[in-house]
Amino acid sequence: MEDILNLRYALDTFYFLMSGALVMWMAAGFAMLEAGLVRAKNTAEILTKNVSLFAIACVMYMLCGYGIMYPDGGNGIIPALDFSFMFGGDHDPAAVLKQDPAGWYDGDYYSKMSDFFFQVVFVATAMSIVSGAVAERMKLWSFLGFAVVMTGFIYPMQGYWKWGGGFLDGLGFNDFAGSGVVHLCGAAAALAGVLLLGARKGKYGPNGEVRAIPGANMPMATLGTFILWLGWFGFNGGSKLILSNVGEANAVAAVFVNTNASAAGGVIAAMLVARIIFGKADLTMTLNGALAGLVAITAEPLAPTPLAATLIGAVGGVLVVFAIIGLDKLKLDDPVGAISVHGIVGMWGLLAVPLTNADATIGAQIIGLLTIFGWTFVVSLLVWFILKSVFGIRVSEEEEYEGVDLSECGLEAYPEFVGSRGSSV
Amino acid sequence: MEDILNLRYALDTFYFLMSGALVMWMAAGFAMLEAGLVRAKNTAEILTKNVSLFAIACVMYMLCGYGIMYPDGGNGIIPALDFSFMFGGDHDPAAVLKQDPAGWYDGDYYSKMSDFFFQVVFVATAMSIVSGAVAERMKLWSFLGFAVVMTGFIYPMQGYWKWGGGFLDGLGFNDFAGSGVVHLCGAAAALAGVLLLGARKGKYGPNGEVRAIPGANMPMATLGTFILWLGWFGFNGGSKLILSNVGEANAVAAVFVNTNASAAGGVIAAMLVARIIFGKADLTMTLNGALAGLVAITAEPLAPTPLAATLIGAVGGVLVVFAIIGLDKLKLDDPVGAISVHGIVGMWGLLAVPLTNADATIGAQIIGLLTIFGWTFVVSLLVWFILKSVFGIRVSEEEEYEGVDLSECGLEAYPEFVGSRGSSV
Amino acid sequence: MEDILNLRYALDTFYFLMSGALVMWMAAGFAMLEAGLVRAKNTAEILTKNVSLFAIACVMYMLCGYGIMYPDGGNGIIPALDFSFMFGGDHDPAAVLKQDPAGWYDGDYYSKMSDFFFQVVFVATAMSIVSGAVAERMKLWSFLGFAVVMTGFIYPMQGYWKWGGGFLDGLGFNDFAGSGVVHLCGAAAALAGVLLLGARKGKYGPNGEVRAIPGANMPMATLGTFILWLGWFGFNGGSKLILSNVGEANAVAAVFVNTNASAAGGVIAAMLVARIIFGKADLTMTLNGALAGLVAITAEPLAPTPLAATLIGAVGGVLVVFAIIGLDKLKLDDPVGAISVHGIVGMWGLLAVPLTNADATIGAQIIGLLTIFGWTFVVSLLVWFILKSVFGIRVSEEEEYEGVDLSECGLEAYPEFVGSRGSSV
């Protein structure tokens, strides 16, 4: 039996590590997506933000975030303090193998280190969502200051309430891989930032007209979308948390199929809607459709049939087009559509769970949605406000006109391509 | 024993899922390769095509393609109708574990969902091949119409004949991972499209001269090639279909080594041939050499020694250079060389099988080759012809001159890079 | 028990193959990083170099490198000759299963083919390091000539001394995944090349001033860094060589966590140091910080706590900034900072091992460092010198001014982007 348990533990740990590696790869996806969707003059800065926010997330989550989210104790609202992770340590092999095989999957059936690795790339994902929405006008160092608080405290707290076994979990709130805990959370923090930051110069005309500001590099944006699509198999697939028997392996495989199906549904729906509204096959809407499909299925990628998953994604794809148009009407300037994709569609994902999962209730889903949004939005607003008051969060008008690459990073993303700073908007 | 069977099932399922994720990643590879090899003014459209054809493939294969290719019954030519996959379901764990361990690998030894996931990314690969060949001049929506028929019917039918246990399989036709079923099939559909579509304006001069139309973004094309190379480990490696014992694990590892060796052989051979012919180390030919090596070994990546695999790839690398030159002589305009890489070299891959696999016969290989090519070419020609008659398949001359990005997608891929629409060809 | 051993063997083989695939992906990372950091006019050539050096590494390592590095015998300094790998073959399943389970992990517990696959992508990594340092002025074919010797002989010899069980291993030299064997080795070969090659025209002014020559495509460079970061999980994670029980799975997971933590530490440290020195958040230094963190932890990614790993990476991140500045003071022109990242920080990685691993001694680490550097540098210098004498290694001044893309590859990387050859430096 020890031989079996060794193998089970190794296989489930490996499954976590491979899933985590795929999610880590999503950091590259967000970086490429956002770099492709901003103007050339703001590209180096958003790349710098994406690399450094990932690093900050890894350090903060190690220092305190992981301990807050998965504490040794707590009352369901306030977790017990635990800063031990940074000093390492994992389950003792001898103790692991003495566990009762019957209750194996309730015990320590995979490496704690692999668990951290899987979790830390999730917090980075949530933070990546923020960077796109505040692009092209925010001060880099204020953004990084926010990243410290977000990844070390704001995200872990609400993560504890659901995945750490807190009160939302007790209420029967369902969120398989984080339509709420990750995506809505990131979008709520982004929304708070956008409200205090204001729109880019020239985005909204004096008579209420909305000016399109096209992204500088569509192949990059498309690459970013494909990277995210691939990484999402780790994001959702790994969130099953077990693989090592027939039933669980089937479940993980179903999650892969549904995640893919929902993304496909989102693509087709967003493309058709954009065709109807704009008369063309708008590439950025198509990409947002893929991401919307992925966000939509994330709250419940296991229960739906493949056909239902496709439809859940398709609804996400329709929603995202109208959400992007709607936010612009409200003059909420989100250069990459992050609030629409992760926030509006994240809510749809949470509310769609009871459609296919009989254990979920619409009431618990709404409570979870409001809690995650409310907590993240209010605390983020406070943090952004403090940053704004103390350091300022917006670059000067001249810096914005010149591009934040020069003012924040001191270099250009495409220095040789004549015209790369020539956007007149 | 149940414990062992649970682990085997989980490991083989995981192996399928990881392989499938790698193959899914090839969709990004084709998108980047093709986006890099077309002109800037046609880049957004080919990105849109690549994202949307993947989505269409996923939906069509779920709705009917998978059922056609792997039916519950059929006479070897016509499969039994089966539309059940979209409603989900997988092997019952209790029934799986009651299987006789001795006949385990003939039974349900891995998740059906993981099988679908692995298969669906193959059909997307076949369709991706088409998009490159018809680039820069085809109407987007007609292309997507063809994608519906190709992924829902044309590909699954010939797939059934070989991998679904149809008549080609019965004849002893060998095609391990799809030099024929995937690559030749895609190339045959592409050839039919190119014939009805005609060459790009200006590609062939009035006196028979061939004008080079360089791709706009070589780093993208190179990235695409590396992505495809990586994804091919899933494509060929996963096609062993079993991993969970010593002999099978050895086999999968041999497939990885040979796939890599053949790509390496293709690179070196194509580079040297290009050096001799053109006097320079032509990067696009080098990239095509890598892909040719990968296509060549796909029909039989297990039997060859590493040295033989390198040589099989090298022949592919030589062939692809001459094939590209030859197709241009025939005025068959294929902007990315897809027909040469996947069609001509795919044939070489099929015919090379008997060189290293004693179970294969040249006769069966030729029958398989002709069947796949004939079926796909004739039916594709018919579908393209109907599309051409009803909707048209080619954009107007003016749209072609302006670039299909503006006419089909309403946006540019590189809007800020002055001169990005400046190609005079 | 046979069932268990089959599963163990399959799981460890699969772990090798997935790790190897991730390391293979690093080839794309180096290609993108280097393509982003050179000028547009030299981009196609460096892409060609990266694709073809990978192919050469695969062929040479198959023909002789693997046999030299992991021979059947030898005296610890000179390996026994063994050219058998190219003809294939793997462990006999029946013999494998007859091994004593107690001594299982000392025997043939995973596929030899998977071992080759994992090792071959390491030699390609070492060679990729060289290509960046000699960019923008070296003759392509001379570079490829060096690649043949480096991957077929220079690298395998010193690899044998450590990982093949040679004298460095006997002395207690510690190098878990190759801060020395791979990274320092690559950097030493690069340094030798740079010394004989000289700096790019215009890099160093007549009065000793250093002119910045910005890279043409920062999104590409960032993508390359993310790819390398991802691939490093295979590089370090796979170097544990066993996964299939609780203790080993924990170890692999710890390696993943520490590798990630060290990269994060490198990013933050390099960014802060660059901010202090240059006043801006320099993106290229941030990227080099990530790579420095990864190189630094590679010699010992298992023993440190996550906090210690972060600090080891942070020291690497500080070092790399000063190393890049220092090499420029010495007029050693390394366009991508490869010697600093892989050489200087590689040395730091080796010397840091005794800080956390009680089995390591600073004496053995220094001997290993000097041996690897001395061997590689001296033999490389000789090979570069012969190449220089016979074929020349530097393009003409006019070719350098025009860009090596035209002279070496006969095509441009960005032919349509006006100004892409407009860099005046």
# chains A, B, ... in the order shown; residues from 1 in each chain; ligands from 1
>>> interface_residues(of="chain A", to="chain B", cutoff="8 Å", atoms="only C-alpha atoms", output="VMD selection string")
chain A and resid 4 7 to 8 11 15 39 to 40 214 to 219 222 to 223 226 to 227 230 233 243 to 250 253 to 254 256 to 257 260 to 261 263 to 265 267 to 268 280 to 283 286 to 287 305 to 307 310 417 to 423
>>> select_by_dssp(residues="segment 310-356 of chain A", states="helix (DSSP H, G or I)", output="count of residues only")
39
>>> residues_around(residues="Ala133 of chain A", least_positions_apart="4", cutoff="9 Å", atoms="only C-alpha atoms", output="ChimeraX atom specification")
/A:129,187,190-191,193-194,333-339
>>> write_last_selection(atoms="C-alpha atoms", output="PDB file, in the first residue's frame")
ATOM      1  CA  ILE A 129      -6.104  42.075 -14.590  1.00  0.00           C
ATOM      2  CA  ALA A 187     -11.778  43.635 -12.001  1.00  0.00           C
ATOM      3  CA  ALA A 190      -9.253  47.769 -11.462  1.00  0.00           C
ATOM      4  CA  LEU A 191     -12.578  49.596 -11.417  1.00  0.00           C
ATOM      5  CA  GLY A 193      -8.394  52.484  -9.801  1.00  0.00           C
ATOM      6  CA  VAL A 194     -10.042  53.661 -13.008  1.00  0.00           C
ATOM      7  CA  ASP A 333     -11.847  54.125 -19.735  1.00  0.00           C
ATOM      8  CA  ASP A 334     -10.419  50.614 -19.719  1.00  0.00           C
ATOM      9  CA  PRO A 335      -7.885  50.340 -22.587  1.00  0.00           C
ATOM     10  CA  VAL A 336      -7.921  46.556 -22.768  1.00  0.00           C
ATOM     11  CA  GLY A 337     -11.484  45.786 -21.689  1.00  0.00           C
ATOM     12  CA  ALA A 338     -10.349  44.084 -18.486  1.00  0.00           C
ATOM     13  CA  ILE A 339     -13.280  45.200 -16.347  1.00  0.00           C
TER      14      ILE A 339
END
>>> residues_around(residues="segment 365-374 of chain C", least_positions_apart="6", cutoff="12 Å", atoms="only C-alpha atoms", output="number ranges by chain")
C: 77, 154-163, 166-176, 178-192, 299-300, 339, 342-355, 357, 359, 380-381
>>> atom_distance(atom1="atom CA of Cys64 of chain C", atom2="atom CA of Ala358 of chain B")
28.0 Å
>>> atom_distance(atom1="atom CA of Ile312 of chain C", atom2="atom CA of Gly326 of chain C")
20.7 Å
>>> residues_around(residues="Met285 of chain A", least_positions_apart="2", cutoff="10 Å", atoms="only C-alpha atoms", output="mmCIF file with all heavy atoms, in the first residue's frame")
data_model
loop_
_atom_site.group_PDB
_atom_site.id
_atom_site.type_symbol
_atom_site.label_atom_id
_atom_site.label_comp_id
_atom_site.auth_asym_id
_atom_site.auth_seq_id
_atom_site.Cartn_x
_atom_site.Cartn_y
_atom_site.Cartn_z
ATOM 1 N N GLY A 266 -17.430 31.546 -26.835
ATOM 2 C CA GLY A 266 -17.232 32.990 -26.675
ATOM 3 C C GLY A 266 -16.706 33.647 -27.932
ATOM 4 O O GLY A 266 -17.147 34.750 -28.308
ATOM 5 N N VAL A 267 -15.780 32.989 -28.592
ATOM 6 C CA VAL A 267 -15.220 33.526 -29.832
ATOM 7 C C VAL A 267 -16.315 33.728 -30.874
ATOM 8 O O VAL A 267 -16.464 34.805 -31.464
ATOM 9 C CB VAL A 267 -14.135 32.580 -30.398
ATOM 10 C CG1 VAL A 267 -13.830 32.914 -31.846
ATOM 11 C CG2 VAL A 267 -12.881 32.648 -29.552
ATOM 12 N N ALA A 269 -19.591 33.768 -30.628
ATOM 13 C CA ALA A 269 -20.656 34.706 -30.269
ATOM 14 C C ALA A 269 -20.183 36.152 -30.383
ATOM 15 O O ALA A 269 -20.870 37.008 -30.962
ATOM 16 C CB ALA A 269 -21.140 34.413 -28.845
ATOM 17 N N ALA A 270 -18.997 36.444 -29.846
ATOM 18 C CA ALA A 270 -18.504 37.827 -29.878
ATOM 19 C C ALA A 270 -18.257 38.268 -31.313
ATOM 20 O O ALA A 270 -18.536 39.413 -31.692
ATOM 21 C CB ALA A 270 -17.220 37.939 -29.065
ATOM 22 N N MET A 271 -17.784 37.359 -32.122
ATOM 23 C CA MET A 271 -17.498 37.688 -33.516
ATOM 24 C C MET A 271 -18.788 38.011 -34.272
ATOM 25 O O MET A 271 -18.842 38.973 -35.047
ATOM 26 C CB MET A 271 -16.815 36.475 -34.144
ATOM 27 C CG MET A 271 -16.025 36.810 -35.364
ATOM 28 S SD MET A 271 -15.156 35.309 -35.851
ATOM 29 C CE MET A 271 -14.578 35.872 -37.439
ATOM 30 N N LEU A 272 -19.811 37.196 -34.029
ATOM 31 C CA LEU A 272 -21.082 37.437 -34.718
ATOM 32 C C LEU A 272 -21.720 38.736 -34.239
ATOM 33 O O LEU A 272 -22.232 39.526 -35.040
ATOM 34 C CB LEU A 272 -22.025 36.253 -34.510
ATOM 35 C CG LEU A 272 -21.620 34.961 -35.217
ATOM 36 C CD1 LEU A 272 -22.569 33.826 -34.839
ATOM 37 C CD2 LEU A 272 -21.616 35.153 -36.739
ATOM 38 N N VAL A 273 -21.701 38.968 -32.952
ATOM 39 C CA VAL A 273 -22.295 40.204 -32.424
ATOM 40 C C VAL A 273 -21.550 41.420 -32.972
ATOM 41 O O VAL A 273 -22.164 42.409 -33.394
ATOM 42 C CB VAL A 273 -22.277 40.192 -30.876
ATOM 43 C CG1 VAL A 273 -22.702 41.557 -30.329
ATOM 44 C CG2 VAL A 273 -23.191 39.106 -30.346
ATOM 45 N N ALA A 274 -20.223 41.339 -32.974
ATOM 46 C CA ALA A 274 -19.447 42.457 -33.505
ATOM 47 C C ALA A 274 -19.743 42.667 -34.989
ATOM 48 O O ALA A 274 -19.821 43.803 -35.469
ATOM 49 C CB ALA A 274 -17.958 42.204 -33.299
ATOM 50 N N ARG A 275 -19.927 41.581 -35.709
ATOM 51 C CA ARG A 275 -20.272 41.661 -37.138
ATOM 52 C C ARG A 275 -21.587 42.399 -37.331
ATOM 53 O O ARG A 275 -21.720 43.248 -38.215
ATOM 54 C CB ARG A 275 -20.366 40.238 -37.699
ATOM 55 C CG ARG A 275 -20.839 40.101 -39.127
ATOM 56 C CD ARG A 275 -19.744 40.487 -40.105
ATOM 57 N NE ARG A 275 -20.183 40.352 -41.500
ATOM 58 C CZ ARG A 275 -20.974 41.212 -42.120
ATOM 59 N NH1 ARG A 275 -21.441 42.252 -41.478
ATOM 60 N NH2 ARG A 275 -21.311 41.007 -43.392
ATOM 61 N N ALA A 281 -15.531 41.829 -38.886
ATOM 62 C CA ALA A 281 -15.071 40.801 -37.939
ATOM 63 C C ALA A 281 -13.979 41.414 -37.062
ATOM 64 O O ALA A 281 -12.806 41.187 -37.268
ATOM 65 C CB ALA A 281 -14.545 39.592 -38.694
ATOM 66 N N ASP A 282 -14.391 42.188 -36.083
ATOM 67 C CA ASP A 282 -13.468 42.929 -35.229
ATOM 68 C C ASP A 282 -12.566 41.971 -34.446
ATOM 69 O O ASP A 282 -13.048 41.182 -33.632
ATOM 70 C CB ASP A 282 -14.288 43.798 -34.269
ATOM 71 C CG ASP A 282 -13.428 44.747 -33.482
ATOM 72 O OD1 ASP A 282 -12.694 44.279 -32.581
ATOM 73 O OD2 ASP A 282 -13.476 45.948 -33.760
ATOM 74 N N LEU A 283 -11.253 42.057 -34.689
ATOM 75 C CA LEU A 283 -10.341 41.117 -34.042
ATOM 76 C C LEU A 283 -10.296 41.296 -32.529
ATOM 77 O O LEU A 283 -10.307 40.311 -31.788
ATOM 78 C CB LEU A 283 -8.931 41.261 -34.633
ATOM 79 C CG LEU A 283 -7.820 40.449 -33.957
ATOM 80 C CD1 LEU A 283 -8.132 38.959 -33.943
ATOM 81 C CD2 LEU A 283 -6.489 40.691 -34.665
ATOM 82 N N LEU A 287 -11.033 38.408 -29.754
ATOM 83 C CA LEU A 287 -10.131 38.007 -28.674
ATOM 84 C C LEU A 287 -10.826 38.147 -27.318
ATOM 85 O O LEU A 287 -10.730 37.254 -26.465
ATOM 86 C CB LEU A 287 -8.858 38.861 -28.700
ATOM 87 C CG LEU A 287 -8.018 38.799 -29.989
ATOM 88 C CD1 LEU A 287 -6.797 39.699 -29.865
ATOM 89 C CD2 LEU A 287 -7.593 37.373 -30.307
ATOM 90 N N ASN A 288 -11.524 39.248 -27.128
ATOM 91 C CA ASN A 288 -12.253 39.406 -25.874
ATOM 92 C C ASN A 288 -13.324 38.336 -25.711
ATOM 93 O O ASN A 288 -13.631 37.928 -24.593
ATOM 94 C CB ASN A 288 -12.862 40.808 -25.795
ATOM 95 C CG ASN A 288 -11.841 41.832 -25.340
ATOM 96 O OD1 ASN A 288 -10.994 41.551 -24.505
ATOM 97 N ND2 ASN A 288 -11.916 43.038 -25.889
ATOM 98 N N GLY A 289 -13.879 37.890 -26.818
ATOM 99 C CA GLY A 289 -14.850 36.812 -26.761
ATOM 100 C C GLY A 289 -14.238 35.526 -26.228
ATOM 101 O O GLY A 289 -14.843 34.823 -25.408
ATOM 102 N N ALA A 290 -13.035 35.218 -26.682
ATOM 103 C CA ALA A 290 -12.350 34.028 -26.170
ATOM 104 C C ALA A 290 -12.139 34.142 -24.666
ATOM 105 O O ALA A 290 -12.440 33.212 -23.897
ATOM 106 C CB ALA A 290 -11.002 33.848 -26.872
ATOM 107 N N LEU A 291 -11.648 35.306 -24.234
ATOM 108 C CA LEU A 291 -11.380 35.484 -22.809
ATOM 109 C C LEU A 291 -12.676 35.470 -22.006
ATOM 110 O O LEU A 291 -12.726 34.915 -20.901
ATOM 111 C CB LEU A 291 -10.616 36.796 -22.590
ATOM 112 C CG LEU A 291 -9.262 36.848 -23.309
ATOM 113 C CD1 LEU A 291 -8.610 38.211 -23.115
ATOM 114 C CD2 LEU A 291 -8.331 35.754 -22.804
ATOM 115 N N ALA A 292 -13.721 36.050 -22.563
ATOM 116 C CA ALA A 292 -15.016 36.037 -21.877
ATOM 117 C C ALA A 292 -15.513 34.605 -21.704
ATOM 118 O O ALA A 292 -16.012 34.233 -20.637
ATOM 119 C CB ALA A 292 -16.027 36.865 -22.667
ATOM 120 N N GLY A 317 -19.539 35.777 -24.389
ATOM 121 C CA GLY A 317 -19.048 36.485 -25.572
ATOM 122 C C GLY A 317 -19.975 37.610 -26.010
ATOM 123 O O GLY A 317 -19.525 38.669 -26.462
ATOM 124 N N VAL A 318 -21.271 37.378 -25.869
ATOM 125 C CA VAL A 318 -22.236 38.441 -26.190
ATOM 126 C C VAL A 318 -22.123 39.561 -25.157
ATOM 127 O O VAL A 318 -22.049 40.752 -25.484
ATOM 128 C CB VAL A 318 -23.669 37.873 -26.208
ATOM 129 C CG1 VAL A 318 -24.686 39.002 -26.361
ATOM 130 C CG2 VAL A 318 -23.818 36.838 -27.310
ATOM 131 N N VAL A 320 -19.703 40.493 -23.281
ATOM 132 C CA VAL A 320 -18.485 41.289 -23.234
ATOM 133 C C VAL A 320 -18.520 42.423 -24.258
ATOM 134 O O VAL A 320 -18.041 43.522 -23.998
ATOM 135 C CB VAL A 320 -17.230 40.402 -23.393
ATOM 136 C CG1 VAL A 320 -16.970 40.014 -24.837
ATOM 137 C CG2 VAL A 320 -16.022 41.088 -22.811
ATOM 138 N N VAL A 321 -19.134 42.161 -25.406
ATOM 139 C CA VAL A 321 -19.218 43.226 -26.408
ATOM 140 C C VAL A 321 -20.069 44.382 -25.878
ATOM 141 O O VAL A 321 -19.677 45.557 -25.947
ATOM 142 C CB VAL A 321 -19.806 42.684 -27.731
ATOM 143 C CG1 VAL A 321 -19.948 43.809 -28.745
ATOM 144 C CG2 VAL A 321 -18.924 41.576 -28.282
ATOM 145 N N ILE A 324 -18.290 46.304 -22.998
ATOM 146 C CA ILE A 324 -17.250 47.245 -23.444
ATOM 147 C C ILE A 324 -17.884 48.524 -23.972
ATOM 148 O O ILE A 324 -17.452 49.635 -23.655
ATOM 149 C CB ILE A 324 -16.350 46.562 -24.503
ATOM 150 C CG1 ILE A 324 -15.465 45.525 -23.809
ATOM 151 C CG2 ILE A 324 -15.508 47.583 -25.246
ATOM 152 C CD1 ILE A 324 -14.653 44.647 -24.745
ATOM 153 N N GLY A 337 -10.220 46.471 -21.937
ATOM 154 C CA GLY A 337 -11.484 45.786 -21.689
ATOM 155 C C GLY A 337 -11.454 44.840 -20.510
ATOM 156 O O GLY A 337 -12.287 43.929 -20.401
ATOM 157 N N THR B 48 -7.482 36.845 -37.150
ATOM 158 C CA THR B 48 -8.908 36.594 -36.912
ATOM 159 C C THR B 48 -9.292 35.209 -37.424
ATOM 160 O O THR B 48 -10.018 34.464 -36.749
ATOM 161 C CB THR B 48 -9.748 37.670 -37.633
ATOM 162 O OG1 THR B 48 -9.272 38.959 -37.254
ATOM 163 C CG2 THR B 48 -11.215 37.537 -37.281
#
>>> atom_distance(atom1="atom CA of Arg211 of chain A", atom2="atom CA of Ser396 of chain A")
21.0 Å
>>> decode(residues="segment 178-185 of chain C", atoms="all heavy atoms", output="PDB file, in the first residue's frame")
ATOM      1  N   GLY C 178      22.982  23.294 -13.199  1.00  0.00           N
ATOM      2  CA  GLY C 178      23.886  23.841 -14.191  1.00  0.00           C
ATOM      3  C   GLY C 178      24.161  25.330 -14.200  1.00  0.00           C
ATOM      4  O   GLY C 178      24.372  25.884 -15.283  1.00  0.00           O
ATOM      5  N   SER C 179      24.219  25.972 -13.045  1.00  0.00           N
ATOM      6  CA  SER C 179      24.741  27.357 -13.040  1.00  0.00           C
ATOM      7  C   SER C 179      26.125  27.369 -13.664  1.00  0.00           C
ATOM      8  O   SER C 179      26.509  28.312 -14.360  1.00  0.00           O
ATOM      9  CB  SER C 179      24.843  27.902 -11.612  1.00  0.00           C
ATOM     10  OG  SER C 179      23.584  28.164 -11.062  1.00  0.00           O
ATOM     11  N   GLY C 180      26.883  26.285 -13.392  1.00  0.00           N
ATOM     12  CA  GLY C 180      28.223  26.173 -13.952  1.00  0.00           C
ATOM     13  C   GLY C 180      28.243  25.409 -15.259  1.00  0.00           C
ATOM     14  O   GLY C 180      28.671  25.927 -16.292  1.00  0.00           O
ATOM     15  N   VAL C 181      27.760  24.155 -15.215  1.00  0.00           N
ATOM     16  CA  VAL C 181      27.886  23.257 -16.360  1.00  0.00           C
ATOM     17  C   VAL C 181      27.198  23.818 -17.606  1.00  0.00           C
ATOM     18  O   VAL C 181      27.666  23.619 -18.732  1.00  0.00           O
ATOM     19  CB  VAL C 181      27.322  21.859 -16.011  1.00  0.00           C
ATOM     20  CG1 VAL C 181      27.267  20.964 -17.233  1.00  0.00           C
ATOM     21  CG2 VAL C 181      28.133  21.215 -14.902  1.00  0.00           C
ATOM     22  N   VAL C 182      26.108  24.531 -17.421  1.00  0.00           N
ATOM     23  CA  VAL C 182      25.398  25.069 -18.566  1.00  0.00           C
ATOM     24  C   VAL C 182      25.649  26.565 -18.736  1.00  0.00           C
ATOM     25  O   VAL C 182      26.120  27.010 -19.786  1.00  0.00           O
ATOM     26  CB  VAL C 182      23.881  24.795 -18.465  1.00  0.00           C
ATOM     27  CG1 VAL C 182      23.156  25.344 -19.685  1.00  0.00           C
ATOM     28  CG2 VAL C 182      23.623  23.306 -18.317  1.00  0.00           C
ATOM     29  N   HIS C 183      25.362  27.342 -17.696  1.00  0.00           N
ATOM     30  CA  HIS C 183      25.356  28.798 -17.880  1.00  0.00           C
ATOM     31  C   HIS C 183      26.756  29.387 -17.911  1.00  0.00           C
ATOM     32  O   HIS C 183      27.084  30.170 -18.804  1.00  0.00           O
ATOM     33  CB  HIS C 183      24.462  29.433 -16.818  1.00  0.00           C
ATOM     34  CG  HIS C 183      23.047  29.028 -16.990  1.00  0.00           C
ATOM     35  ND1 HIS C 183      22.209  29.642 -17.882  1.00  0.00           N
ATOM     36  CD2 HIS C 183      22.329  28.005 -16.462  1.00  0.00           C
ATOM     37  CE1 HIS C 183      21.031  29.043 -17.872  1.00  0.00           C
ATOM     38  NE2 HIS C 183      21.076  28.038 -17.021  1.00  0.00           N
ATOM     39  N   LEU C 184      27.585  29.031 -16.948  1.00  0.00           N
ATOM     40  CA  LEU C 184      28.951  29.555 -16.970  1.00  0.00           C
ATOM     41  C   LEU C 184      29.696  29.041 -18.203  1.00  0.00           C
ATOM     42  O   LEU C 184      30.463  29.776 -18.838  1.00  0.00           O
ATOM     43  CB  LEU C 184      29.687  29.150 -15.686  1.00  0.00           C
ATOM     44  CG  LEU C 184      31.148  29.564 -15.594  1.00  0.00           C
ATOM     45  CD1 LEU C 184      31.311  31.073 -15.745  1.00  0.00           C
ATOM     46  CD2 LEU C 184      31.750  29.098 -14.270  1.00  0.00           C
ATOM     47  N   CYS C 185      29.448  27.803 -18.551  1.00  0.00           N
ATOM     48  CA  CYS C 185      30.071  27.220 -19.746  1.00  0.00           C
ATOM     49  C   CYS C 185      29.703  28.026 -20.990  1.00  0.00           C
ATOM     50  O   CYS C 185      30.574  28.418 -21.779  1.00  0.00           O
ATOM     51  CB  CYS C 185      29.626  25.756 -19.882  1.00  0.00           C
ATOM     52  SG  CYS C 185      30.174  24.960 -21.409  1.00  0.00           S
TER      53      CYS C 185
END
